[in-house]
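**Student:** Before anything else, here's the structure in question.
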Amino acid sequence: MTDLRGAMDRWRRLDVTVRDLPLALGLAGLAFLPFLRDYGTQVGELPARPLDGWAVLVIALQCLPLAVRRRFPAACMLLVAVGFAAAQVTGYHSFAGNTLGIALVSTGAHLDRRRRVVPAVLTVGYVALAVALDRLTGAERVDELVTFYLAMALAWGVGTWLRSTRAAEAERRLRVAQDTLVAERTRIARELHDVVTHHVTAMVVQTEAAKYLTAAPERLEQTLDAVTDTGRHAIADLRQLLDLLDPGHDGAARTPSAGEVRDLVEQTRRAGQPVELVEDGEPAGSADSAGLTAYRVVQEALTNALKHAHGAATTVDVRHTEREIVVEISTAGSGAGGGQGCGAVPGGSGRGLAGLRERVETLGGEFGTERRDDGGFVVRARMPRAYSAVADRT
């Protein structure tokens, strides 16, 4: 099976002329078989003549141009039509007469330019052929000539339909590729926003705090160590995102989950934000879409708390059940940031919360924000596990 698949792949990589040549040679060979002679296409009542040297030329003219039916469809159609007309006028009837229908279908399917000119030229040529046959035999029936013309028009129509179908499929694939690219860019932008914003915000807050700790060397050293650890986390996360962009990457990047919220809370505490973590239930053993989204909700909310309510008490409540994950992050309004809370983003793009809402709703969950009476802010999200499991399998 592998050898056959490899042979087929090598065959598809060949030039189209090489791939179409066996068809042309095969039809030419069949034209010389005596028992197939009566199965060709014939117009008019001109009696058949025995095949001779001139017949070889007529048959070659009808069959061999099919080797270029896809590369040069107009030239193929012209040569086959001339060969067909010559065969009908001279009486060299053979199986090669069937190539006219094949050439019409191929030309209708592959011709890009002068699509109206070719049918017009063929129609004029067919009228001339009908007149010539009538003068040679004097017994041509108009209804039979019209029927044959309609049959050839149908062959052209089939080719045109194949062309339109192929064009529609190519457009669909292009649209799917563009949508996939946009979705992937959006996903990467979200990941970069979540990773970079959180880590850099923590580093900025820690560095600002270090300015006031010159009189306390031990605390200054702890703060600088926290900055170093945060930078290492940022580098590791960014390296994983860059690995996903590498074409040679196997795609086995580590994905954060709801079970890693403890590490996220601890990192935020080291940045100087008082955070209390309340967990109920056990997180899933492996990362899934719901777990990753829950992690990103907590990450974004803690990042905004650091930026806009540094020093304000923050509570992270995470509940795990078999069917869903529910997170609630609440920040008091008494921080150094003037009580803007974890959801306010003054002067910012608002991309974080908007992206989270879209993520949660994509999973079939619910996302909401609310301002507290004391000026603080609450972020709530519910992610159903059943939907995420289906999404992961697909």
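Residue numbering restarts at 1 in every chain; chains get A, B, ... in the order shown in the structure tokens, and ligands count up from 1 in that same order.
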Identify all residues of region 38-112 of chain A in helix (DSSP H, G or I) (DSSP on the backbone) and supply them as a PyMOL selection string.
**Tutor:** chain A and resi 38-39+53-68+73-90+95-110
**Student:** Find the spatial neighbours of Leu27 (chain A), counting only C-alpha atoms, within a cut-off of 8 Å - ignore same-chain residues fewer than 2 positions away - and output them as a ChimeraX atom specification.
**Tutor:** /A:23-25,29-31,63,95-96,99
**Student:** Give me the residues within 9 Å of Val89 (chain A) as a PyMOL selection string, counting only C-alpha atoms and dropping any in the same chain fewer than 4 places off.
**Tutor:** chain A and resi 46+84-85+129+132-133+136
**Student:** Could you please take those selected residues and save N, CA and C atoms as a PDB file, in the first residue's frame?
**Tutor:**
```
ATOM      1  N   LEU A  46     -21.599   9.318 -45.517  1.00  0.00           N
ATOM      2  CA  LEU A  46     -20.482   8.948 -46.381  1.00  0.00           C
ATOM      3  C   LEU A  46     -19.970   7.562 -45.990  1.00  0.00           C
ATOM      4  N   PHE A  84     -10.993  15.438 -37.106  1.00  0.00           N
ATOM      5  CA  PHE A  84     -12.341  14.861 -37.163  1.00  0.00           C
ATOM      6  C   PHE A  84     -13.013  15.216 -38.490  1.00  0.00           C
ATOM      7  N   ALA A  85     -12.911  16.490 -38.899  1.00  0.00           N
ATOM      8  CA  ALA A  85     -13.510  16.910 -40.170  1.00  0.00           C
ATOM      9  C   ALA A  85     -12.878  16.166 -41.345  1.00  0.00           C
ATOM     10  N   LEU A 129     -18.599  21.879 -42.491  1.00  0.00           N
ATOM     11  CA  LEU A 129     -18.513  20.426 -42.629  1.00  0.00           C
ATOM     12  C   LEU A 129     -19.847  19.839 -43.087  1.00  0.00           C
ATOM     13  N   ALA A 132     -20.329  20.522 -46.743  1.00  0.00           N
ATOM     14  CA  ALA A 132     -19.452  19.675 -47.556  1.00  0.00           C
ATOM     15  C   ALA A 132     -19.978  18.247 -47.629  1.00  0.00           C
ATOM     16  N   LEU A 133     -20.446  17.705 -46.508  1.00  0.00           N
ATOM     17  CA  LEU A 133     -20.978  16.336 -46.507  1.00  0.00           C
ATOM     18  C   LEU A 133     -22.246  16.246 -47.365  1.00  0.00           C
ATOM     19  N   LEU A 136     -21.262  16.035 -50.909  1.00  0.00           N
ATOM     20  CA  LEU A 136     -20.629  14.768 -51.268  1.00  0.00           C
ATOM     21  C   LEU A 136     -21.640  13.637 -51.371  1.00  0.00           C
TER      22      LEU A 136
END
```
**Student:** With a distance cut-off of 12 Å and only C-alpha atoms, select the neighbouring residues of Arg262 (chain A), excluding the residue or stretch itself and same-chain residues fewer than 3 positions from it, and output the selection as a PyMOL selection string.
**Tutor:** chain A and resi 256-259+265-269+275-279+283+295+298-299+316-318
